[in-house]
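Engineer: Below you will find the structure I want to go over with you.
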Amino acid sequence: MERRDFKFENLETLRLLLRKPGKEDAADMFEYSSDEQVTGFLTWGPSKSLEDTKTFLEGVSRKIEMGELFDWGLILKKTGKFIGTCGFVSLDFNNRSGEIGYILSKKHWNRGIMTEALNRVIRYGFESLGLKRIEAKCDKENISSERVLEKVGMKNEGLLRKAQYSKNRYRDLKIYSLLSDEFEKRRDSRIGKHSKI
Amino acid sequence: MGNILKFEISDFLETKRLLLRKLKIEDTESIYQWFSDPELTRLSTWNYHRSKEDTRTFLHLMIERYNKGDLPQNWGIVHKESSNVIGLCGFTDYSIINSSATVGYAVARNYWNLGIATEAMKEVLRYAFMNLGCNRVEANCFPENLPSKEVMKKLGMSYEGLLRKKLFVKGIFHDIESYSILKGEK
C-alpha cells in the first residue's frame with residue numbers, strides 16, 4: 001500500500017470539525033502551544049513566537065497536501081475556534097499500523113473533546129486508511145493523556161523504559177494499542193445500543 | 001531513525017571466540033550455507049535465501065548501507081576457529097535524539113546452544129553503550145522465538161510488553177515481544 005492511495009478528508013463529530021490546519025490558525029494555536037503545561041509531555045514546545053507557529057503550520061499543511069501526514073485541526077463548531085490538533089504522527093503502511101498523537105488547549109480539557117476527536121480519527125484510520133493496528137505512546141506521568149487512550153478503548157501493552165529524551169530527561173513511555181477487530185466490536189456494540197433507543 | 005546524517009558501525013570487534021566484522025561479497029558462500037535454511041528464518045522477519053544469487057543481492061544491500069549510512073547494519077559473526085561467517089548481528093535502528101538503539105541477530109542453526117549469539121551480542125551492547133553513547137538498547141522477537149528470548153534474558157534484557165499485530169511479515173500479522181536494557185544494567 002502506498003500512502004498516495006489515500007486522500008486527506010475533513011471529518012466531523014458532534015461538537016467538532018476536523019480539517020487541515022494552516023497558517024491562518026497560527027494565532028489560535030499559539031495560545032495553547034506557548035503554554036508550558038499543555039506542551040509539557042510533548043517532544044516540542046512551548047512555542048516561542050507566533051512566527052514559529054506559522055512556519056510550523058505551513059510545514060504541516062504542506063505535508064498533508066503531499067499525502068505524507070494525516071493531522072487534523074480541531075475546530076469547535078460553537079465558536080469556530082481552533083483548539084487543538086490530532087492525527088497520525090507516523091504511518092507504516094507496510095505493516096498497516098499507525099501511531100496517533102494529539103494536543104488540546106487547556107481551556108477545553110476535561111470535557112471529552114479529545115476523546116470525541118480521537119474516536120473519529122481512529123475510525124478514519126481503520127475504515128479509510130485500512131489499518132490493522134493503531135498505537136499511542138504517552139509519558140508514564142501523563143495521567144490525562146492515559147485516560148483519553150483508555151476512553152477510546154486502547155489497551156496498555158507495556159512500559160518502554162527511558163524510550164524518549166525530551167526536555168532534559170529520559171522518559172518512560174506507556175504504549176497502548178487498538179486493533180481493527182477490537183474497534184469493530186466496539187463500533188458494532190455502540191450501533192446496537194443506539195438502535196434499541 | 002531520528003535526525004542523524006550517517007550511521008556506520010565500526011569495521012571490527014573481537015570477543016574470545018568471535019570476530020565481528022563488516023560483511024563482504026566474498027562471504028556469499030559461507031552465509032548461503034546457513035541463510036538457505038528455512039527453519040532458521042521461520043521465526044524472524046527475514047526470508048531464507050533460495051539461491052546464492054539471493055545471498056549476493058543481500059550482501060550488496062548490506063554493503064551499500066555501510067557506505068550510505070542507512071540502517072539496518074550488521075556485522076558478520078566470524079567463528080575464529082573455523083574462519084566461517086556463522087551469523088549476523090547489529091543494529092536495526094538508532095536514534096541520536098533519544099540515545100537509543102534496536103539490535104538484532106541470527107546464528108546458523110548448527111552453532112546454536114553454544115552461547116555464540118550471547119557472546120556476540122554482549123559485545124554489540126558494549127559497543128552501543130560505550131561507542132554510540134546509548135542509554136537504552138532494545139530488541140524484539142516473535143513470541144514463538146524461544147531461542148532468541150533465551151539470548152535476551154542472558155544479556156540481562158527485561159521484557160517490556162507484547163506489541164500486538166505489530167508487524168506484517170510473510171502474509172501474517174505478528175505480535176512482537178519487546179525487551180530492553182538500560183545503561184548500567186547488568
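Residues are referred to by chain and number: the chain letter is A, B, ... according to the order shown in the C-alpha cells, the number counts from 1 in that chain, and ligands are numbered separately from 1 in the order shown.
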Quick one: DSSP alpha helix (DSSP H) residues in chain B, as a PyMOL selection string?
Structural biologist: chain B and resi 28-35+38-41+52-68+116-130+146-154
Engineer: Using only C-alpha atoms, what table do you get, as a tab-separated table, when you list each residue of chain B with an atom no more than 9 Å from chain A, its nearest pair of atoms, and their distance in Å rounded to one decimal, rows by chain then rising number?
Structural biologist:
residue	atom	partner	partner_atom	distance
B:Ile97	CA	A:Tyr165	CA	6.6
B:Asn98	CA	A:Tyr165	CA	4.6
B:Ser99	CA	A:Tyr165	CA	7.6
B:Ser100	CA	A:Ala163	CA	7.1
B:Asn135	CA	A:Lys162	CA	7.8
B:Arg136	CA	A:Lys162	CA	6.8
B:Tyr159	CA	A:Gly158	CA	8.9
B:Glu160	CA	A:Gly158	CA	5.5
B:Gly161	CA	A:Gly158	CA	4.3
B:Leu162	CA	A:Glu157	CA	5.8
B:Leu163	CA	A:Glu157	CA	6.3
B:Arg164	CA	A:Ser177	CA	7.6
B:Lys165	CA	A:Arg133	CA	6.7
B:Lys166	CA	A:Asn95	CA	6.9
B:Leu167	CA	A:Asn95	CA	5.2
B:Phe168	CA	A:Asn95	CA	4.7
B:Val169	CA	A:Asn95	CA	7.9
B:Phe173	CA	A:Asn95	CA	7.8
B:Ser178	CA	A:Leu160	CA	8.5
B:Tyr179	CA	A:Leu160	CA	8.6
B:Ser180	CA	A:Arg161	CA	7.7
B:Ile181	CA	A:Arg161	CA	8.7
B:Leu182	CA	A:Lys162	CA	7.9
Engineer: Could the residues of segment 59-81 of chain A that have an atom at most 6 Å from segment 8-26 of chain A be listed as JSON lines, each with its closest atom pair and the distance in Å to one decimal, counting only C-alpha atoms and ordered by chain and ascending residue number?
Structural biologist:
{"residue": "A:Ser61", "atom": "CA", "partner": "A:Gly22", "partner_atom": "CA", "distance": 5.6}
{"residue": "A:Trp72", "atom": "CA", "partner": "A:Arg19", "partner_atom": "CA", "distance": 5.1}
{"residue": "A:Gly73", "atom": "CA", "partner": "A:Pro21", "partner_atom": "CA", "distance": 4.9}
{"residue": "A:Leu74", "atom": "CA", "partner": "A:Leu18", "partner_atom": "CA", "distance": 4.9}
{"residue": "A:Ile75", "atom": "CA", "partner": "A:Leu17", "partner_atom": "CA", "distance": 5.0}
{"residue": "A:Leu76", "atom": "CA", "partner": "A:Leu16", "partner_atom": "CA", "distance": 4.9}
{"residue": "A:Lys77", "atom": "CA", "partner": "A:Leu16", "partner_atom": "CA", "distance": 5.3}
Engineer: Measuring atom to atom with only C-alpha atoms, identify which of B:Glu123, B:Glu29, B:Glu39, B:Glu138 is nearest to Thr55 of chain B.
Structural biologist: B:Glu29
Engineer: For a test of reading the model, state the distance in Å between atom CA of Lys24 of chain B and atom CA of Ile63 of chain B, rounded to one decimal.
Structural biologist: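 These atoms are spaced 7.0 Å apart.
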Engineer: Extract the full set of strand (DSSP E) residues from chain A according to DSSP on the backbone, and format it as an NGL selection string.
Structural biologist: :A and (11-12 or 16-19 or 70-76 or 81-92 or 97-104 or 133-139 or 155-166 or 169-179)
Engineer: Dump C-alpha atoms for the selected residues as a PDB file, in the first residue's frame?
Structural biologist:
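Output file again_33.pdb is given in full below:
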ATOM      1  CA  LEU A  11     -14.140  14.970   9.282  1.00  0.00           C
ATOM      2  CA  GLU A  12     -16.931  15.933  11.642  1.00  0.00           C
ATOM      3  CA  LEU A  16     -16.107  19.454  16.217  1.00  0.00           C
ATOM      4  CA  LEU A  17     -14.983  19.995  12.671  1.00  0.00           C
ATOM      5  CA  LEU A  18     -11.707  18.292  11.838  1.00  0.00           C
ATOM      6  CA  ARG A  19      -9.879  19.949   8.965  1.00  0.00           C
ATOM      7  CA  PHE A  70      -2.646  12.866   8.388  1.00  0.00           C
ATOM      8  CA  ASP A  71      -3.172  15.505  11.050  1.00  0.00           C
ATOM      9  CA  TRP A  72      -6.365  17.427  11.711  1.00  0.00           C
ATOM     10  CA  GLY A  73      -7.054  20.807  13.256  1.00  0.00           C
ATOM     11  CA  LEU A  74      -9.929  20.672  15.760  1.00  0.00           C
ATOM     12  CA  ILE A  75     -12.475  23.443  15.317  1.00  0.00           C
ATOM     13  CA  LEU A  76     -15.099  23.897  17.990  1.00  0.00           C
ATOM     14  CA  LYS A  81     -12.126  28.434  17.366  1.00  0.00           C
ATOM     15  CA  PHE A  82      -9.123  26.254  16.544  1.00  0.00           C
ATOM     16  CA  ILE A  83      -8.486  24.476  19.855  1.00  0.00           C
ATOM     17  CA  GLY A  84      -6.065  21.646  19.113  1.00  0.00           C
ATOM     18  CA  THR A  85      -4.847  19.037  16.683  1.00  0.00           C
ATOM     19  CA  CYS A  86      -4.863  15.297  16.479  1.00  0.00           C
ATOM     20  CA  GLY A  87      -3.836  12.750  13.897  1.00  0.00           C
ATOM     21  CA  PHE A  88      -1.236  10.204  12.912  1.00  0.00           C
ATOM     22  CA  VAL A  89       2.292  11.125  13.899  1.00  0.00           C
ATOM     23  CA  SER A  90       3.515   8.157  11.893  1.00  0.00           C
ATOM     24  CA  LEU A  91       2.021   5.696   9.443  1.00  0.00           C
ATOM     25  CA  ASP A  92       3.559   2.415   8.417  1.00  0.00           C
ATOM     26  CA  SER A  97      -0.089   0.384  11.526  1.00  0.00           C
ATOM     27  CA  GLY A  98      -0.244   4.000  12.650  1.00  0.00           C
ATOM     28  CA  GLU A  99       0.595   5.993  15.749  1.00  0.00           C
ATOM     29  CA  ILE A 100      -1.670   8.781  16.973  1.00  0.00           C
ATOM     30  CA  GLY A 101      -0.761  11.993  18.744  1.00  0.00           C
ATOM     31  CA  TYR A 102      -2.795  14.939  19.988  1.00  0.00           C
ATOM     32  CA  ILE A 103      -2.748  18.300  21.740  1.00  0.00           C
ATOM     33  CA  LEU A 104      -5.619  20.333  23.161  1.00  0.00           C
ATOM     34  CA  ARG A 133      -3.252  -1.574  14.475  1.00  0.00           C
ATOM     35  CA  ILE A 134      -3.330   1.946  15.908  1.00  0.00           C
ATOM     36  CA  GLU A 135      -0.911   2.709  18.702  1.00  0.00           C
ATOM     37  CA  ALA A 136      -0.164   5.588  21.022  1.00  0.00           C
ATOM     38  CA  LYS A 137       2.613   6.327  23.456  1.00  0.00           C
ATOM     39  CA  CYS A 138       2.355   8.590  26.438  1.00  0.00           C
ATOM     40  CA  ASP A 139       4.623   9.671  29.235  1.00  0.00           C
ATOM     41  CA  LYS A 155      -5.134  -1.367  25.767  1.00  0.00           C
ATOM     42  CA  ASN A 156      -1.898  -0.813  27.617  1.00  0.00           C
ATOM     43  CA  GLU A 157       0.762  -3.151  26.251  1.00  0.00           C
ATOM     44  CA  GLY A 158       3.733  -2.264  28.375  1.00  0.00           C
ATOM     45  CA  LEU A 159       6.189   0.335  29.546  1.00  0.00           C
ATOM     46  CA  LEU A 160       9.083   1.357  27.304  1.00  0.00           C
ATOM     47  CA  ARG A 161      11.714   2.448  29.778  1.00  0.00           C
ATOM     48  CA  LYS A 162      13.649   5.655  29.060  1.00  0.00           C
ATOM     49  CA  ALA A 163      12.495   5.415  25.461  1.00  0.00           C
ATOM     50  CA  GLN A 164      12.295   9.147  24.808  1.00  0.00           C
ATOM     51  CA  TYR A 165      14.596  12.016  25.632  1.00  0.00           C
ATOM     52  CA  SER A 166      12.852  15.343  25.823  1.00  0.00           C
ATOM     53  CA  ARG A 169      15.352  13.945  30.731  1.00  0.00           C
ATOM     54  CA  TYR A 170      14.705  10.391  29.657  1.00  0.00           C
ATOM     55  CA  ARG A 171      11.079   9.480  29.846  1.00  0.00           C
ATOM     56  CA  ASP A 172       9.324   6.167  30.368  1.00  0.00           C
ATOM     57  CA  LEU A 173       6.573   5.733  27.806  1.00  0.00           C
ATOM     58  CA  LYS A 174       3.418   3.707  28.221  1.00  0.00           C
ATOM     59  CA  ILE A 175       2.493   2.030  24.962  1.00  0.00           C
ATOM     60  CA  TYR A 176      -1.149   1.479  24.014  1.00  0.00           C
ATOM     61  CA  SER A 177      -2.845  -0.054  21.015  1.00  0.00           C
ATOM     62  CA  LEU A 178      -6.217  -0.761  19.486  1.00  0.00           C
ATOM     63  CA  LEU A 179      -6.662  -3.433  16.811  1.00  0.00           C
TER      64      LEU A 179
END
Engineer: Do you have the atom CA of Asp70 of chain B-atom CA of Phe91 of chain B distance handy?
Structural biologist: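 So the answer is 10.3 Å.
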Engineer: Using only C-alpha atoms, which residues sit within 7 Å of His49 of chain B once same-chain residues fewer than 6 positions away are excluded, as a PyMOL selection string?
Structural biologist: chain B and resi 32+35-36+55
